[in-house]
Amino acid sequence: MSWIREGELTIIERFCANIIKAGPMPKHVAFIMDGNRRYAQKCHVERQQGHSQGFEKLAQTLRWCLNLGIREVTVYAFSIENFKRSKEEVDGLMDLARQKFSRLLEEQESLKKHGVCIRVLGDLPLLPLDIQELIAQAVLATRNYNKCFLNVCFAYTSRHEISSAVREMAWGVEQGLLEPSDVSESLLDKCLYTNNSPDPDLLIRTSGEVRLSDFLLWQTSHSCLVFQSVLWPEYSFWNLCEAILRFQMNYSALQKARDTYMEERRRQEVERDQDYVTKKLQQEGFASHGDSRRRRTLLQKCTAMREERIQGFLQALEHKRADFFERLCPVSA
Amino acid sequence: MDEILKQQQELLGLDCSKYMVKFANQDKADQVLNCQSTLKVLSPEDGKADIVKAAQNFCQLVAQQQKTYTDLDVNVLDNLLSSTNGFPDPDLVLKFGPVDSTLGFLPWHIRLTEIVSLPSHLNISYEDFFSALHHYAACEQRWGK
């Protein structure tokens with residue numbers, strides 16, 4: 001399969017893998033695959049070659065992840081900011097995408113066999129229509145597979161994603177599906193492009209840069225960040241192991257930080273619900289600190305109604321998103 | 001400048017008159033003299049929670065039909081964030097401690113921020129601080145291009 005290299009680990013690699021797997025393993029790894037152009041310069045080849053090599057390295061890295069039991073990978077393939085590059089380079093990258101997605105669609109059997117679910121995340125209408133159509137076909141063809149997940153961020157920036165999520169919630173309010181008080185951190189989570197994935201446990205950026213470049217800013221707030229100086233096309237199994245070791249060293253501290261954060265978030269949401277109930281009681285003319293049973297009943301009722309609204313909204317949102325892809329593929333794959 | 005002269009007197013004592021303090025770049029003299037530093041102390045609620053608050057406020061406006069959902073884009077949301085109103089995005093984050101994570105620090109604002117890690121803020125030396133600034137100066141920001 002062109003997107004996931006075939007093959008097993010060597011004996012030495014397998015030996016190392018077994019040692020590493022004795023400790024906690026990330027379930028979801030995100031990659032900023034940086035360094036293709038510097039690699040091309042280093043090897044005195046065209047930039048396009050650098051990007052091609054970068055893709056090959058992606059295929060190889062996905063194989064290593066599967067060998068290590070890492071079932072979900074998210075990659076930063078093309079940023080909205082990358083449209084600023086020369087027309088030649090952007091066209092080259094679009095051609096590469098056309099080639100790779102077309103190839104992917106020819107490998108349906110392989111995708112089915114490996115159960116690979118492909119998702120493409122980004123502001124897709126910014127892309128050429130034919131690429132949108134290829135993407136839609138790939139996404140629809142694999143949407144029910146669940147052995148492993150590959151999320152490709154294409155025409156993506158995190159700020160656009162977060163704004164889009166807020167816009168969806170505002171759309172929900174406009175449609176009468178949501179009330180402004182339903183807006184919360186957990187609801188925003190569910191409106192992001194990544195709503196079907198857990199947050200990445202580990203974010204790896206290659207080529208030595210130590211910034212996030214507008215990638216998964218919301219989702220990686222408590223992830224282990226590993227910056228490695230190797231250029232992406234030269235990434236090795238050992239680089240990956242090194243990153244996983246760093247993840248393991250940070251594991252308990254991050255687990256604790258995440259748990260503390262979630263507890264605080266839950267506490268704030270409970271407080272928000274209490275305030276909502278207090279306001280409602282006041283509106284209905286009851287003393288806000290009065291009958292605690294009335295308060296409890298109202299709280300239960302409000303929570304249930306909120307849950308119902310949110311479910312309705314999320315269903316409508318999913319429908320809207322599926323519709324976008326289905327309209328790009330009049331004949332279902 | 002006054003502070004520099006005061007420190008000079010304290011540290012060098014009687015020798016201080018032997019040494020002249022001069023700005024390396026004379027043109028920037030005024031800039032340095034008038035440079036006021038602002039210290040902003042932030043907490044976790046200035047992170048995601050602030051984005052959620054901005055979202056709630058916008059949705060409230062939509063509910064009151066003062067805005068429509070298509071009015072919201074990256075710039076509008078950026079302006080709605082209150083914890084860092086009028087404050088530029090950080091260029092450099094100095095991260096102290098052994099944990100390799102931003103732990104929820106201003107997720108929206110650090111999209112292009114260089115993240116330099118230092119082992120600890122306790123007894124941090126000037127050399128360490130300077131080398132972090134040096135690292136920042138050496139970074140090549142391509143801005144996507």
# chains A, B, ... in the order shown; residues from 1 in each chain; ligands from 1

$ closest_atom_pairs --of "chain A" --to "chain B" --cutoff "7 Å" --atoms "only C-alpha atoms" --output "tab-separated table"
residue	atom	partner	partner_atom	distance
A:Glu81	CA	B:Gly144	CA	4.7
A:Asn82	CA	B:Gly144	CA	4.7
A:Lys84	CA	B:Lys145	CA	5.4
A:Arg85	CA	B:Lys145	CA	4.6
A:Arg159	CA	B:Val74	CA	6.3
A:His160	CA	B:Val74	CA	6.0
A:Ser163	CA	B:Val74	CA	5.6
A:Val166	CA	B:Ala55	CA	5.9
A:Arg167	CA	B:Tyr69	CA	5.5
A:Ala170	CA	B:Tyr69	CA	5.1
A:Trp171	CA	B:Tyr69	CA	5.3
A:Val173	CA	B:Ala63	CA	6.3
A:Glu174	CA	B:Val62	CA	6.4
A:Pro180	CA	B:Cys59	CA	5.3
A:Ser181	CA	B:Gln56	CA	6.9
A:Val183	CA	B:Gln56	CA	5.8
A:Ser184	CA	B:Val52	CA	6.0
A:Glu185	CA	B:Val52	CA	6.0
A:Val210	CA	B:Ile115	CA	5.5
A:Arg211	CA	B:Glu114	CA	4.8
A:Leu212	CA	B:Arg111	CA	5.7
A:Ser213	CA	B:Leu112	CA	5.0
A:Asp214	CA	B:Arg111	CA	4.3
A:Leu217	CA	B:Pro107	CA	5.3
A:Trp218	CA	B:Pro107	CA	5.8
A:Ser221	CA	B:Gly104	CA	4.5
A:His222	CA	B:Leu103	CA	4.9
A:Ser223	CA	B:Ser101	CA	6.0
A:Cys224	CA	B:Ser101	CA	5.2
A:Leu225	CA	B:Asp100	CA	5.4
A:Asn250	CA	B:Val99	CA	6.1

$ write_last_selection --atoms "C-alpha atoms" --output "mmCIF file, in the first residue's frame"
data_model
loop_
_atom_site.group_PDB
_atom_site.id
_atom_site.type_symbol
_atom_site.label_atom_id
_atom_site.label_comp_id
_atom_site.auth_asym_id
_atom_site.auth_seq_id
_atom_site.Cartn_x
_atom_site.Cartn_y
_atom_site.Cartn_z
ATOM 1 C CA GLU A 81 0.003 29.697 5.298
ATOM 2 C CA ASN A 82 1.732 27.469 2.731
ATOM 3 C CA LYS A 84 1.940 31.907 0.276
ATOM 4 C CA ARG A 85 4.676 29.838 -1.337
ATOM 5 C CA ARG A 159 -6.799 29.134 14.566
ATOM 6 C CA HIS A 160 -9.015 28.481 11.557
ATOM 7 C CA SER A 163 -12.782 29.713 14.768
ATOM 8 C CA VAL A 166 -16.987 28.553 17.429
ATOM 9 C CA ARG A 167 -18.778 29.410 14.185
ATOM 10 C CA ALA A 170 -22.961 30.088 16.707
ATOM 11 C CA TRP A 171 -24.711 28.394 13.780
ATOM 12 C CA VAL A 173 -27.595 29.032 18.286
ATOM 13 C CA GLU A 174 -28.898 30.706 15.136
ATOM 14 C CA PRO A 180 -25.527 30.467 24.422
ATOM 15 C CA SER A 181 -25.168 28.947 27.903
ATOM 16 C CA VAL A 183 -21.240 26.740 24.985
ATOM 17 C CA SER A 184 -18.478 25.072 26.967
ATOM 18 C CA GLU A 185 -14.989 23.715 26.542
ATOM 19 C CA VAL A 210 10.804 24.762 18.319
ATOM 20 C CA ARG A 211 7.409 26.183 17.532
ATOM 21 C CA LEU A 212 3.927 24.814 16.887
ATOM 22 C CA SER A 213 3.231 26.771 13.685
ATOM 23 C CA ASP A 214 -0.527 26.876 14.227
ATOM 24 C CA LEU A 217 -2.885 24.320 19.465
ATOM 25 C CA TRP A 218 -6.062 23.424 21.379
ATOM 26 C CA SER A 221 -2.215 21.794 25.426
ATOM 27 C CA HIS A 222 -1.287 18.839 27.643
ATOM 28 C CA SER A 223 0.552 16.707 25.120
ATOM 29 C CA CYS A 224 4.204 15.760 25.356
ATOM 30 C CA LEU A 225 6.070 18.043 22.916
ATOM 31 C CA ASN A 250 6.861 12.789 31.002
#

$ select_by_dssp --residues "range 20-129 of chain B" --states "alpha helix (DSSP H)" --output "count of residues only"
32

$ residues_around --residues "Ala97 in chain A" --least-positions-apart "4" --cutoff "8 Å" --atoms "only C-alpha atoms" --output "list in words"
Leu93, Phe101 and Ile131 of chain A

$ closest_atom_pairs --of "range 106-208 of chain A" --to "range 4-27 of chain A" --cutoff "12 Å" --atoms "only C-alpha atoms" --output "Markdown table"
| residue | atom | partner | partner_atom | distance |
| --- | --- | --- | --- | --- |
| A:Glu107 | CA | A:Ile4 | CA | 10.9 |
| A:Ser110 | CA | A:Ile4 | CA | 9.7 |
| A:Leu111 | CA | A:Ile4 | CA | 9.5 |
| A:His114 | CA | A:Ile4 | CA | 9.6 |
| A:Gly115 | CA | A:Ile4 | CA | 11.9 |
| A:Val116 | CA | A:Ile4 | CA | 9.6 |
| A:Ile118 | CA | A:Ile4 | CA | 11.9 |
| A:Cys148 | CA | A:Lys27 | CA | 10.3 |
| A:Phe149 | CA | A:Lys27 | CA | 10.6 |
| A:Leu150 | CA | A:Ile4 | CA | 10.2 |
| A:Ser197 | CA | A:Lys27 | CA | 10.4 |
| A:Pro198 | CA | A:Lys27 | CA | 8.7 |
| A:Asp199 | CA | A:Lys27 | CA | 9.4 |
| A:Pro200 | CA | A:Lys27 | CA | 7.6 |
| A:Asp201 | CA | A:Pro26 | CA | 5.4 |
| A:Leu202 | CA | A:Pro26 | CA | 6.6 |
| A:Leu203 | CA | A:Pro26 | CA | 10.1 |
| A:Ile204 | CA | A:Pro26 | CA | 11.9 |

$ residues_around --residues "Ala243 in chain A" --least-positions-apart "3" --cutoff "8 Å" --atoms "only C-alpha atoms" --output "list of chain:residue names"
A:Ile204, A:Val226, A:Asn239, A:Leu240, A:Arg246, A:Phe247
